[in-house]
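Asks: Compact mmCIF, C-alpha atoms and all ligand atoms, file entry-v3.txt:
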```txt
# COMPACT_ATOMS: atom_id res chain seq x y z
CA MET A 1 14.37 9.78 -31.91
CA ASN A 2 13.39 9.87 -28.23
CA LYS A 3 13.12 6.58 -26.37
CA ARG A 4 9.58 5.68 -25.30
CA ILE A 5 9.26 4.76 -21.62
CA VAL A 6 5.96 3.25 -20.51
CA VAL A 7 5.23 2.90 -16.79
CA ILE A 8 2.22 0.80 -15.78
CA GLY A 9 1.01 1.76 -12.30
CA GLY A 10 1.07 5.14 -10.57
CA GLY A 11 1.84 3.82 -7.08
CA TYR A 12 4.95 4.37 -4.95
CA GLY A 13 7.22 2.58 -7.43
CA GLY A 14 5.77 4.01 -10.64
CA LEU A 15 5.87 7.63 -9.48
CA ARG A 16 9.42 7.34 -8.18
CA THR A 17 10.64 5.98 -11.54
CA ILE A 18 9.08 8.92 -13.34
CA GLU A 19 10.53 11.48 -10.92
CA PHE A 20 13.91 10.02 -11.75
CA LEU A 21 13.56 9.72 -15.54
CA ALA A 22 11.60 12.88 -16.35
CA LYS A 23 14.74 15.03 -16.22
CA TYR A 24 16.11 13.49 -19.42
CA GLU A 25 15.27 15.33 -22.64
CA ASP A 26 15.74 12.23 -24.81
CA LEU A 27 12.92 10.26 -23.10
CA ASP A 28 9.14 10.40 -23.64
CA ILE A 29 7.22 9.01 -20.69
CA THR A 30 3.74 7.53 -20.57
CA LEU A 31 2.13 6.63 -17.25
CA ILE A 32 -0.85 4.25 -17.36
CA ASP A 33 -3.08 3.69 -14.34
CA LYS A 34 -6.50 2.07 -14.02
CA ASN A 35 -7.37 4.73 -11.44
CA PRO A 36 -7.15 8.50 -11.92
CA TYR A 37 -5.40 8.83 -8.57
CA HIS A 38 -2.35 7.79 -6.56
CA TYR A 39 -3.52 6.14 -3.34
CA LEU A 40 -1.19 6.57 -0.35
CA GLN A 41 -1.77 3.14 1.15
CA THR A 42 0.83 3.74 3.83
CA GLU A 43 -1.53 6.32 5.33
CA ALA A 44 -4.67 4.16 4.99
CA TYR A 45 -4.63 3.31 8.70
CA GLY A 46 -5.26 6.97 9.53
CA TYR A 47 -8.04 7.35 6.98
CA ILE A 48 -9.80 4.19 8.08
CA ALA A 49 -9.81 5.37 11.69
CA GLY A 50 -11.06 8.83 10.74
CA ARG A 51 -7.87 10.70 11.62
CA PHE A 52 -6.99 11.65 8.03
CA ASP A 53 -9.28 12.76 5.25
CA MET A 54 -9.54 11.76 1.62
CA HIS A 55 -7.27 14.64 0.57
CA ASP A 56 -4.53 13.28 2.84
CA ILE A 57 -4.38 9.94 1.05
CA VAL A 58 -5.32 10.57 -2.59
CA ILE A 59 -3.40 12.51 -5.25
CA ASP A 60 -4.72 13.29 -8.73
CA LEU A 61 -2.44 11.63 -11.28
CA GLN A 62 -3.30 13.95 -14.18
CA GLU A 63 -2.43 17.00 -12.11
CA TRP A 64 0.77 15.33 -10.88
CA SER A 65 1.79 14.39 -14.44
CA ASP A 66 1.10 17.96 -15.61
CA GLY A 67 3.72 19.04 -13.08
CA PHE A 68 6.35 17.77 -15.57
CA LYS A 69 5.06 20.18 -18.24
CA LYS A 70 4.49 18.04 -21.36
CA LYS A 71 7.09 15.45 -20.45
CA VAL A 72 4.74 12.91 -18.86
CA HIS A 73 1.63 11.73 -20.66
CA PHE A 74 -0.96 10.27 -18.27
CA VAL A 75 -3.40 7.61 -19.49
CA TYR A 76 -6.32 6.71 -17.26
CA ASP A 77 -6.96 3.16 -18.45
CA LYS A 78 -6.37 -0.43 -17.42
CA ALA A 79 -3.43 -2.35 -18.93
CA ILE A 80 -4.73 -5.75 -19.93
CA SER A 81 -1.80 -7.42 -21.66
CA ILE A 82 1.77 -6.95 -22.83
CA ASP A 83 3.26 -8.21 -26.08
CA PHE A 84 7.03 -8.53 -25.64
CA GLU A 85 7.54 -9.36 -29.35
CA THR A 86 5.95 -6.21 -30.71
CA ARG A 87 6.74 -4.18 -27.55
CA LEU A 88 3.16 -3.09 -27.03
CA VAL A 89 1.06 -2.58 -23.91
CA GLN A 90 -2.59 -3.20 -24.63
CA THR A 91 -5.07 -1.25 -22.53
CA SER A 92 -8.85 -1.58 -22.60
CA LYS A 93 -9.13 1.35 -25.05
CA SER A 94 -5.80 1.60 -26.84
CA ALA A 95 -2.24 0.31 -27.25
CA PHE A 96 1.11 1.89 -26.34
CA ALA A 97 4.49 1.12 -27.88
CA TYR A 98 7.55 1.12 -25.64
CA ASP A 99 11.32 0.90 -25.88
CA TYR A 100 11.54 0.39 -22.11
CA LEU A 101 8.71 -0.84 -19.92
CA ILE A 102 8.29 -0.66 -16.14
CA ILE A 103 5.62 -2.83 -14.57
CA ALA A 104 4.67 -1.29 -11.21
CA THR A 105 1.15 -2.59 -10.78
CA GLY A 106 1.44 -3.45 -7.08
CA ALA A 107 -0.69 -6.02 -5.31
CA LYS A 108 -4.20 -6.53 -3.97
CA THR A 109 -5.58 -8.11 -0.80
CA ASN A 110 -5.48 -11.89 -1.01
CA PHE A 111 -8.91 -12.95 0.26
CA PHE A 112 -7.82 -16.59 0.37
CA SER A 113 -10.31 -18.76 -1.47
CA PHE A 114 -9.72 -21.58 1.07
CA ILE A 115 -11.39 -19.42 3.74
CA PRO A 116 -15.07 -19.41 2.78
CA GLY A 117 -16.79 -16.07 3.34
CA LEU A 118 -13.58 -14.07 3.74
CA ARG A 119 -13.91 -12.07 0.52
CA GLU A 120 -17.64 -11.59 0.94
CA PHE A 121 -17.68 -10.40 4.55
CA SER A 122 -14.42 -8.52 5.09
CA TYR A 123 -12.93 -5.21 4.00
CA GLY A 124 -9.42 -4.74 2.63
CA VAL A 125 -7.19 -1.68 2.78
CA LYS A 126 -5.20 -2.18 -0.42
CA ASP A 127 -7.78 -0.40 -2.53
CA LEU A 128 -9.45 2.89 -1.86
CA HIS A 129 -12.93 1.63 -2.62
CA ARG A 130 -13.04 -0.95 0.18
CA THR A 131 -11.26 1.41 2.58
CA TYR A 132 -13.81 4.10 1.86
CA ASN A 133 -16.71 1.68 2.35
CA PHE A 134 -15.36 0.63 5.72
CA ARG A 135 -14.98 4.21 6.88
CA VAL A 136 -18.53 5.10 5.88
CA GLU A 137 -19.94 2.03 7.68
CA PHE A 138 -17.87 2.73 10.76
CA GLU A 139 -18.93 6.37 10.94
CA ASN A 140 -22.49 5.17 10.66
CA LEU A 141 -21.94 2.99 13.68
CA ILE A 142 -20.59 5.90 15.74
CA TYR A 143 -23.58 7.95 14.67
CA GLN A 144 -25.93 5.21 15.84
CA LYS A 145 -24.07 5.05 19.13
CA LEU A 146 -24.78 8.73 19.62
CA GLN A 147 -28.33 7.63 20.38
CA LYS A 148 -28.26 7.12 24.14
CA ASP A 149 -29.83 3.70 24.19
CA ASN A 150 -27.42 2.08 21.72
CA CYS A 151 -25.23 0.00 24.00
CA GLU A 152 -24.92 -3.00 21.70
CA GLU A 153 -21.48 -4.67 21.93
CA ILE A 154 -19.52 -4.25 18.71
CA ASN A 155 -16.50 -6.37 17.80
CA LEU A 156 -14.15 -5.01 15.17
CA VAL A 157 -11.76 -7.69 13.92
CA ILE A 158 -8.53 -7.20 12.02
CA GLY A 159 -7.34 -10.42 10.42
CA GLY A 160 -3.57 -10.37 9.86
CA ALA A 161 -1.04 -8.86 12.27
CA GLY A 162 1.62 -7.80 9.78
CA LEU A 163 2.69 -4.19 9.27
CA SER A 164 -0.64 -2.91 7.95
CA GLY A 165 -2.73 -4.97 10.43
CA VAL A 166 -0.98 -3.64 13.53
CA GLU A 167 -1.13 -0.07 12.21
CA VAL A 168 -4.86 -0.30 11.56
CA ALA A 169 -5.55 -1.97 14.94
CA ALA A 170 -3.54 0.64 16.88
CA GLU A 171 -5.03 3.64 15.12
CA MET A 172 -8.59 2.30 15.44
CA ALA A 173 -8.07 1.67 19.17
CA ASN A 174 -6.61 5.13 19.68
CA THR A 175 -9.40 6.84 17.75
CA ILE A 176 -12.14 4.90 19.50
CA GLU A 177 -10.74 6.03 22.83
CA MET A 178 -11.04 9.62 21.59
CA TYR A 179 -14.74 9.05 20.91
CA LYS A 180 -15.21 9.06 24.70
CA LYS A 181 -15.84 12.78 24.32
CA THR A 182 -18.62 12.03 21.86
CA ILE A 183 -20.34 8.89 23.07
CA GLY A 184 -19.12 8.68 26.66
CA ASN A 185 -18.84 5.26 28.23
CA ARG A 186 -20.60 3.60 25.30
CA VAL A 187 -17.13 3.65 23.74
CA LYS A 188 -16.37 0.62 25.93
CA THR A 189 -18.87 -1.41 23.92
CA ILE A 190 -16.54 -1.28 20.88
CA LYS A 191 -13.85 -3.96 21.12
CA ILE A 192 -10.91 -4.53 18.78
CA TYR A 193 -9.43 -7.94 18.01
CA LEU A 194 -6.21 -8.52 16.09
CA ILE A 195 -5.87 -12.08 14.85
CA ASP A 196 -2.98 -13.90 13.21
CA ALA A 197 -2.19 -17.52 12.38
CA SER A 198 1.49 -17.01 13.25
CA LYS A 199 2.95 -17.49 16.74
CA THR A 200 3.58 -13.73 17.10
CA ILE A 201 2.41 -10.45 15.66
CA LEU A 202 4.66 -8.93 12.96
CA PRO A 203 6.01 -12.33 11.85
CA GLY A 204 9.55 -12.04 10.48
CA MET A 205 10.28 -8.69 12.14
CA SER A 206 12.82 -7.99 14.91
CA ASP A 207 12.24 -8.79 18.61
CA PHE A 208 12.39 -5.06 19.37
CA LEU A 209 9.51 -4.25 17.01
CA ILE A 210 7.44 -7.27 18.05
CA ARG A 211 7.84 -6.63 21.77
CA ASN A 212 7.14 -2.91 21.69
CA THR A 213 4.26 -3.18 19.24
CA GLN A 214 2.64 -5.87 21.37
CA LYS A 215 2.98 -3.72 24.52
CA ARG A 216 1.56 -0.67 22.78
CA LEU A 217 -1.42 -2.60 21.37
CA GLU A 218 -2.18 -4.08 24.77
CA SER A 219 -2.02 -0.65 26.40
CA LEU A 220 -4.56 0.54 23.83
CA GLY A 221 -6.85 -2.34 24.80
CA VAL A 222 -6.47 -4.39 21.59
CA ASN A 223 -7.23 -8.10 22.11
CA ILE A 224 -4.47 -10.04 20.38
CA LEU A 225 -5.08 -13.61 19.28
CA THR A 226 -1.98 -15.22 17.74
CA ASP A 227 -1.61 -18.85 16.63
CA THR A 228 -5.25 -18.56 15.62
CA PHE A 229 -6.19 -19.74 12.17
CA ILE A 230 -9.35 -18.35 10.58
CA GLU A 231 -11.22 -21.21 8.94
CA LYS A 232 -14.48 -19.67 7.84
CA VAL A 233 -16.40 -16.42 8.02
CA ASP A 234 -20.15 -15.90 7.82
CA LYS A 235 -22.37 -12.87 8.29
CA SER A 236 -22.09 -12.92 12.09
CA TYR A 237 -19.20 -15.15 13.16
CA ILE A 238 -15.56 -15.87 12.47
CA TYR A 239 -14.79 -19.58 12.94
CA PHE A 240 -11.31 -20.71 13.98
CA GLN A 241 -9.51 -23.99 13.38
CA ASN A 242 -9.44 -24.61 17.15
CA SER A 243 -13.27 -24.90 17.06
CA GLN A 244 -13.79 -21.52 18.76
CA LYS A 245 -15.82 -18.77 17.13
CA LEU A 246 -16.08 -15.00 17.58
CA LYS A 247 -19.11 -12.82 16.96
CA TYR A 248 -18.11 -9.82 14.89
CA HIS A 249 -19.59 -6.75 13.23
CA PHE A 250 -16.74 -5.53 11.09
CA MET A 251 -13.78 -7.40 9.74
CA ILE A 252 -10.78 -5.90 7.97
CA PHE A 253 -8.49 -8.44 6.34
CA THR A 254 -4.80 -7.57 6.02
CA GLY A 255 -3.47 -11.14 6.17
CA GLY A 256 -2.03 -11.53 2.69
CA ILE A 257 -1.45 -10.04 -0.72
CA LYS A 258 -1.50 -11.27 -4.28
CA ALA A 259 0.15 -9.54 -7.24
CA SER A 260 -2.10 -7.40 -9.43
CA SER A 261 -4.02 -9.40 -12.03
CA LEU A 262 -1.94 -8.07 -14.96
CA ASN A 263 0.75 -10.54 -13.82
CA ASP A 264 -1.58 -13.43 -14.66
CA THR A 265 -1.59 -12.39 -18.33
CA VAL A 266 2.21 -12.33 -18.63
CA GLU A 267 4.19 -15.50 -19.29
CA ALA A 268 7.12 -15.34 -16.89
CA SER A 269 8.44 -17.06 -13.81
CA LYS A 270 6.15 -16.33 -10.80
CA ASN A 271 5.75 -17.37 -7.16
CA LYS A 272 2.64 -18.69 -5.35
CA ILE A 273 1.12 -15.21 -5.04
CA SER A 274 1.70 -14.43 -8.72
CA GLN A 275 4.59 -12.04 -8.10
CA PHE A 276 7.18 -12.08 -10.87
CA ILE A 277 10.50 -13.68 -10.03
CA PRO A 278 12.95 -11.37 -11.78
CA ASN A 279 16.66 -11.66 -12.47
CA ARG A 280 19.15 -9.63 -10.43
CA GLU A 281 18.57 -6.59 -12.64
CA LEU A 282 14.79 -6.80 -12.03
CA ASN A 283 14.12 -7.85 -15.62
CA ILE A 284 11.45 -10.43 -16.19
CA GLY A 285 11.93 -13.33 -18.56
CA SER A 286 14.70 -12.60 -21.04
CA GLN A 287 13.49 -9.04 -21.63
CA VAL A 288 16.35 -6.67 -20.77
CA ASN A 289 14.10 -3.70 -21.52
CA VAL A 290 11.23 -4.82 -19.23
CA PHE A 291 11.48 -4.19 -15.46
CA ALA A 292 9.13 -5.20 -12.67
CA ILE A 293 9.28 -3.27 -9.39
CA GLY A 294 7.46 -2.99 -6.07
CA ASP A 295 4.75 -5.27 -4.75
CA CYS A 296 4.16 -7.04 -8.09
CA VAL A 297 7.56 -8.71 -7.89
CA GLU A 298 9.32 -10.99 -5.40
CA ILE A 299 12.36 -9.17 -4.07
CA GLN A 300 15.11 -10.91 -2.13
CA ASP A 301 18.02 -9.50 -0.16
CA ALA A 302 21.64 -10.55 -0.74
CA GLN A 303 21.14 -13.57 1.59
CA GLY A 304 18.19 -14.78 -0.47
CA ASN A 305 15.54 -13.80 2.14
CA MET A 306 12.27 -12.65 0.64
CA LEU A 307 11.61 -9.03 1.64
CA PRO A 308 8.18 -7.90 2.84
CA PRO A 309 6.34 -5.74 0.31
CA THR A 310 6.82 -2.13 1.38
CA ALA A 311 6.71 1.32 -0.16
CA GLN A 312 10.38 1.62 0.70
CA THR A 313 11.30 -1.42 -1.38
CA ALA A 314 8.98 -0.25 -4.18
CA GLU A 315 10.79 3.09 -4.28
CA ARG A 316 14.27 1.63 -4.05
CA SER A 317 13.53 -0.84 -6.85
CA ALA A 318 12.08 2.06 -8.86
CA GLU A 319 15.25 4.13 -8.51
CA TYR A 320 17.31 1.12 -9.48
CA ALA A 321 15.20 0.35 -12.58
CA ALA A 322 15.27 4.01 -13.69
CA ASN A 323 19.04 4.16 -13.23
CA THR A 324 19.52 0.92 -15.13
CA ILE A 325 17.40 2.14 -18.03
CA ARG A 326 19.57 5.26 -18.26
CA LYS A 327 22.72 3.13 -18.20
CA ARG A 328 21.43 0.73 -20.83
CA ILE A 329 20.55 3.64 -23.14
CA ASP A 330 24.02 5.08 -22.55
CA LYS A 331 25.55 1.61 -23.07
CA LYS A 332 27.13 1.61 -19.61
CA SER A 333 27.55 -1.45 -17.40
CA VAL A 334 24.95 -2.16 -14.70
CA GLN A 335 25.18 -3.62 -11.18
CA PRO A 336 22.63 -6.05 -9.71
CA PHE A 337 19.89 -4.61 -7.47
CA ASP A 338 20.84 -4.28 -3.81
CA ALA A 339 17.62 -4.75 -1.88
CA THR A 340 18.91 -3.95 1.60
CA VAL A 341 16.15 -2.57 3.85
CA LEU A 342 17.29 0.71 5.40
CA GLY A 343 14.78 0.76 8.22
CA ILE A 344 11.16 0.45 9.17
CA PHE A 345 8.78 2.66 11.14
CA ILE A 346 5.40 1.48 12.37
CA ALA A 347 2.66 3.97 13.29
CA LEU A 348 1.00 2.70 16.46
CA GLY A 349 -1.87 5.04 17.17
CA GLY A 350 -1.84 8.77 17.89
CA ARG A 351 1.62 10.19 18.45
CA TRP A 352 3.31 6.86 19.02
CA ALA A 353 5.43 4.71 16.73
CA ALA A 354 8.23 2.16 16.84
CA GLY A 355 11.07 1.91 14.40
CA GLU A 356 14.53 0.80 13.45
CA LEU A 357 17.14 2.38 11.18
CA PHE A 358 20.10 0.54 9.64
CA GLY A 359 19.46 -2.35 12.06
CA VAL A 360 21.16 -0.47 14.94
CA ILE A 361 19.11 2.60 15.83
CA LYS A 362 15.97 1.52 17.67
CA VAL A 363 13.34 4.04 18.74
CA LYS A 364 9.83 3.98 20.15
CA GLY A 365 7.20 6.43 21.38
CA TYR A 366 7.00 10.09 20.45
CA VAL A 367 10.52 10.29 18.93
CA ALA A 368 9.75 7.42 16.58
CA TYR A 369 6.44 9.11 15.72
CA LEU A 370 8.31 12.32 14.78
CA LEU A 371 10.72 10.39 12.58
CA LYS A 372 7.88 8.53 10.87
CA LYS A 373 6.03 11.82 10.39
CA ALA A 374 9.13 13.40 8.84
CA ILE A 375 9.45 10.55 6.33
CA THR A 376 5.78 10.92 5.34
CA HIS A 377 6.07 14.68 5.20
CA ILE A 378 8.98 14.55 2.76
CA TYR A 379 7.01 12.19 0.54
CA TYR A 380 3.93 14.46 0.63
CA LEU A 381 5.99 17.54 -0.05
CA GLY A 382 7.40 16.00 -3.25
CA LEU A 383 3.89 15.14 -4.46
CA HIS A 384 2.47 18.53 -3.55
CA LEU A 385 5.24 20.50 -5.26
CA ARG A 386 4.58 18.50 -8.41
CA ILE A 387 0.83 19.03 -8.18
CA ASN A 388 1.17 22.76 -7.61
CA ALA A 389 3.43 22.94 -10.66
CA GLY A 390 0.83 20.91 -12.59
CA TYR A 391 -1.91 23.29 -11.55
CA LYS A 392 0.11 26.33 -12.69
CA ASN A 393 1.03 24.65 -15.99
CA ARG A 394 -2.67 23.92 -16.60
CA ILE A 395 -3.64 27.57 -16.07
CA LYS A 396 -0.94 28.69 -18.50
CA ASP A 397 -1.81 26.04 -21.06
CA PRO A 398 -5.37 24.69 -20.55
CA ARG A 399 -6.10 21.33 -22.17
C1 LIG B 1 -2.39 0.00 5.77
C2 LIG B 1 -1.04 -0.11 5.11
C3 LIG B 1 0.07 0.41 5.75
C4 LIG B 1 1.33 0.33 5.15
N1 LIG B 1 2.39 0.88 5.82
C5 LIG B 1 3.60 0.89 5.22
C6 LIG B 1 4.69 1.54 5.84
O1 LIG B 1 4.56 2.07 6.94
N2 LIG B 1 5.89 1.53 5.20
C7 LIG B 1 6.06 0.96 3.97
O2 LIG B 1 7.17 1.04 3.41
N3 LIG B 1 5.04 0.32 3.34
C8 LIG B 1 3.81 0.26 3.93
N4 LIG B 1 2.76 -0.36 3.31
C9 LIG B 1 3.00 -1.10 2.05
C10 LIG B 1 3.01 -0.18 0.81
O3 LIG B 1 1.84 0.61 0.77
C11 LIG B 1 3.13 -0.99 -0.49
O4 LIG B 1 4.23 -1.85 -0.37
C12 LIG B 1 3.30 -0.05 -1.68
O5 LIG B 1 2.07 0.59 -1.93
C13 LIG B 1 3.76 -0.79 -2.95
O6 LIG B 1 3.96 0.15 -3.97
P1 LIG B 1 3.78 -0.26 -5.51
O7 LIG B 1 4.18 0.92 -6.32
O8 LIG B 1 4.44 -1.56 -5.79
O9 LIG B 1 2.22 -0.55 -5.68
P2 LIG B 1 0.96 0.36 -5.38
O10 LIG B 1 1.30 1.51 -4.52
O11 LIG B 1 -0.10 -0.58 -4.94
O12 LIG B 1 0.56 0.95 -6.82
C14 LIG B 1 0.14 0.12 -7.88
C15 LIG B 1 -0.57 0.99 -8.91
O13 LIG B 1 -0.82 0.20 -10.07
C16 LIG B 1 -2.12 0.46 -10.55
N5 LIG B 1 -2.54 -0.72 -11.35
C17 LIG B 1 -2.69 -1.99 -10.90
N6 LIG B 1 -3.05 -2.80 -11.93
C18 LIG B 1 -3.11 -2.02 -13.04
C19 LIG B 1 -3.41 -2.27 -14.41
N7 LIG B 1 -3.71 -3.49 -14.88
N8 LIG B 1 -3.38 -1.21 -15.27
C20 LIG B 1 -3.08 0.05 -14.85
N9 LIG B 1 -2.80 0.33 -13.56
C21 LIG B 1 -2.79 -0.69 -12.66
C22 LIG B 1 -2.95 0.71 -9.29
O14 LIG B 1 -4.12 1.46 -9.58
C23 LIG B 1 -1.93 1.49 -8.44
O15 LIG B 1 -2.03 2.88 -8.65
C24 LIG B 1 1.48 -0.31 3.89
C25 LIG B 1 0.36 -0.83 3.23
C26 LIG B 1 -0.89 -0.74 3.83
C27 LIG B 1 -2.08 -1.31 3.08
```
Using structure tokens, write down the structure that the file contains.
Replies:
Amino acid sequence: MNKRIVVIGGGYGGLRTIEFLAKYEDLDITLIDKNPYHYLQTEAYGYIAGRFDMHDIVIDLQEWSDGFKKKVHFVYDKAISIDFETRLVQTSKSAFAYDYLIIATGAKTNFFSFIPGLREFSYGVKDLHRTYNFRVEFENLIYQKLQKDNCEEINLVIGGAGLSGVEVAAEMANTIEMYKKTIGNRVKTIKIYLIDASKTILPGMSDFLIRNTQKRLESLGVNILTDTFIEKVDKSYIYFQNSQKLKYHFMIFTGGIKASSLNDTVEASKNKISQFIPNRELNIGSQVNVFAIGDCVEIQDAQGNMLPPTAQTAERSAEYAANTIRKRIDKKSVQPFDATVLGIFIALGGRWAAGELFGVIKVKGYVAYLLKKAITHIYYLGLHLRINAGYKNRIKDPR
């Protein structure tokens, strides 16, 4: 009898696991996602700023799953609990039995409850809904500015200067500059602020990335406020711990994440942001057939440093979990997960990026942009080939 593999979450980690496992005839795969689409969060900065469109950042999961012929069964439903004893995933409408389970449910924006007003008055970029709402509101603003007499000063604030915060700030600044053609000098009335409680932007990243990102943001006219702790937000102002306040019109919060709420229903060791703390084979609890990958789990490198949540780590942990499942089925020995980060590339507005590979190759500017673009292109290509195959399979064999 075929082994039943259930994957919860069709994000970067979930899809990579399936790509790896779908080639085996002796496995039946079920993908469960609460959304009918795969959201390319890594490209959200471009969508938010109006450079990319919806079709650049959203992929239909049914169509993608159909690309594996009948091998992958897609379920559009929310997983609400897992019973390790009976090996069942309960969704809001049904239940799915597994022999091997991969939890790849990612994370959401952590609108810290100790900052009153943060959740109510800011947008996040971790889910499509809030990202879409921001874009609509922002386009509205540009439309209003088309009216000659609208010279009202607008402050756009990005709270959190980690990877996603700097990418959003840079792309917004670059795009706003391009609106010169559309609204002339009134473009100068839109100001961007990037705020972080840490001493520098990109806390934890290398000097090279921090220095070059800071320079690029400044050249784009972004106002950077570090060492600045947001204490409270209301409809019109952001209040800081140092007793200053800033009038704002839009706020995007990228200052923290929290594991998806499915984690809260599972009894296992977790950190402060509800990420699972797995063993070295990425199993949670004592379940050798249950793996947690990507943003929903705390991943450490060989030195015990906690790695930032990235698509790269989600994909590498996915490949590892898929490989380990194959080995366990084949009764082969397994090695612990090696979480080394291969490199990082940061999109910094227009055709400009900064990046590092293997800790030694350091690039910035147009070359780094081309490398970043190539990485994204390869990812897209994989998804599109699968979707095209899904489309053809559907025509041959309509549901
Ligand atoms: C603006 C921005 C820029 C970024 N830039 C980069 C970058 O340049 N490089 C990089 O490596 N990383 C980047 N990241 C980080 C990267 O996007 C994440 O680390 C990555 O998405 C994590 O992948 P994942 O598979 O763990 O989770 P996700 O991609 O978040 O996928 C989780 C999936 O699980 C589903 N799900 C959640 N709960 C349930 C449930 N209960 N039932 C069913 N389905 C559920 C969700 O719908 C989703 O489809 C960026 C993030 C942002 C926001």
Asks: Have a look at A:Leu220, A:Ala170, A:Cys296, A:Val288 and name the one nearest to ligand LIG 1 (chain B); count all atoms listed in the file.
Replies: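 Between A:Leu220, A:Ala170, A:Cys296, A:Val288, the residue approaching ligand LIG 1 (chain B) most closely is A:Cys296.
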Asks: Choose the residue, out of A:Val89, A:Leu163, A:Leu383, A:Ala339, that has the smallest atom-to-atom separation from Ile103 of chain A; count all atoms listed in the file.
Replies: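 Closest to Ile103 of chain A of all the choices is A:Val89.
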Asks: If you count only C-alpha atoms, which residues fall within 8 Å of Asn155 of chain A, apart from same-chain ones fewer than 4 positions away, as number ranges by chain?
Replies: A: 190-193, 247-250
Asks: Can you write just those residues out, C-alpha atoms, as a PDB file, in the coordinates of the input?
Replies:
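For reference, selection-v1.pdb as written:
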```
ATOM      1  CA  ILE A 190     -16.540  -1.280  20.880  1.00  0.00           C
ATOM      2  CA  LYS A 191     -13.850  -3.960  21.120  1.00  0.00           C
ATOM      3  CA  ILE A 192     -10.910  -4.530  18.780  1.00  0.00           C
ATOM      4  CA  TYR A 193      -9.430  -7.940  18.010  1.00  0.00           C
ATOM      5  CA  LYS A 247     -19.110 -12.820  16.960  1.00  0.00           C
ATOM      6  CA  TYR A 248     -18.110  -9.820  14.890  1.00  0.00           C
ATOM      7  CA  HIS A 249     -19.590  -6.750  13.230  1.00  0.00           C
ATOM      8  CA  PHE A 250     -16.740  -5.530  11.090  1.00  0.00           C
TER       9      PHE A 250
END
```
Asks: Please provide as a ChimeraX atom specification all residues within 12 Å of Val233 of chain A, with the sequence filter that same-chain residues fewer than 5 positions apart are discarded (counting all atoms listed in the file).
Replies: /A:111-122,157,159,238-241,245-253
Asks: List every residue of chain A that has an atom at most 7 Å from any atom of ligand LIG 1 (chain B), giving for each one its closest atom pair and the distance in Å to one decimal, counting all atoms listed in the file, sorted by chain and then by ascending residue number, as a tab-separated table.
Replies:
```
residue	atom	partner	partner_atom	distance
A:Ile8	CA	B:LIG1	C20	5.4
A:Gly9	CA	B:LIG1	O13	3.3
A:Gly10	CA	B:LIG1	O15	4.3
A:Gly11	CA	B:LIG1	O12	3.2
A:Tyr12	CA	B:LIG1	O7	3.8
A:Gly13	CA	B:LIG1	O7	3.6
A:Gly14	CA	B:LIG1	O7	5.5
A:Ile32	CA	B:LIG1	C20	5.4
A:Asp33	CA	B:LIG1	N9	3.5
A:Lys34	CA	B:LIG1	C20	4.1
A:Asn35	CA	B:LIG1	O14	5.0
A:Tyr37	CA	B:LIG1	O15	6.8
A:His38	CA	B:LIG1	O15	5.3
A:Tyr39	CA	B:LIG1	O15	6.4
A:Leu40	CA	B:LIG1	O3	6.8
A:Gln41	CA	B:LIG1	O3	4.4
A:Thr42	CA	B:LIG1	C4	3.7
A:Glu43	CA	B:LIG1	C3	6.1
A:Ala44	CA	B:LIG1	C1	4.8
A:Tyr45	CA	B:LIG1	C1	5.0
A:Asp77	CA	B:LIG1	C20	6.1
A:Lys78	CA	B:LIG1	N8	3.8
A:Ala79	CA	B:LIG1	N8	3.8
A:Ile80	CA	B:LIG1	N7	5.6
A:Ala104	CA	B:LIG1	O7	5.4
A:Thr105	CA	B:LIG1	O13	3.5
A:Gly106	CA	B:LIG1	O9	3.3
A:Ala107	CA	B:LIG1	O11	5.5
A:Val125	CA	B:LIG1	C27	5.1
A:Lys126	CA	B:LIG1	C27	4.8
A:Leu163	CA	B:LIG1	N1	6.1
A:Ser164	CA	B:LIG1	C2	4.0
A:Gly165	CA	B:LIG1	C1	6.8
A:Glu167	CA	B:LIG1	C1	6.6
A:Val168	CA	B:LIG1	C1	6.3
A:Ser260	CA	B:LIG1	N6	5.3
A:Ser261	CA	B:LIG1	N7	6.6
A:Leu262	CA	B:LIG1	N7	4.9
A:Ile293	CA	B:LIG1	O8	6.3
A:Gly294	CA	B:LIG1	O8	3.4
A:Asp295	CA	B:LIG1	O8	3.9
A:Cys296	CA	B:LIG1	O8	5.9
A:Pro309	CA	B:LIG1	O4	4.5
A:Thr310	CA	B:LIG1	O4	3.1
A:Ala311	CA	B:LIG1	O2	3.6
A:Gln312	CA	B:LIG1	O2	4.2
A:Thr313	CA	B:LIG1	O2	6.8
A:Ala314	CA	B:LIG1	O8	5.0
A:Ile344	CA	B:LIG1	N2	6.7
A:Phe345	CA	B:LIG1	O1	6.0
A:Ile346	CA	B:LIG1	O1	5.5
A:Ala347	CA	B:LIG1	O1	6.9
```
Asks: For atom CA of Thr340 of chain A and atom CA of Ala302 of chain A, determine how far apart the two atoms are, in Å to one decimal place.
Replies: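 Atom CA of Ala302 of chain A lies at a distance of 7.5 Å from atom CA of Thr340 of chain A.
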Asks: Report, in Å with one decimal, the straight-line distance from atom CA of Gln335 of chain A to atom CA of Lys270 of chain A.
Replies: 22.9 Å
Asks: Extract, using all atoms listed in the file, all DNA, RNA and protein residues at most 7 Å from segment 204-212 of chain A, discarding same-chain residues fewer than 3 positions from it, and format them as a list of chain:residue names.
Replies: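 With the cut-off at 7 Å, the set is A:Ile201, A:Lys215, A:Arg216, A:Ala354, A:Gly355.
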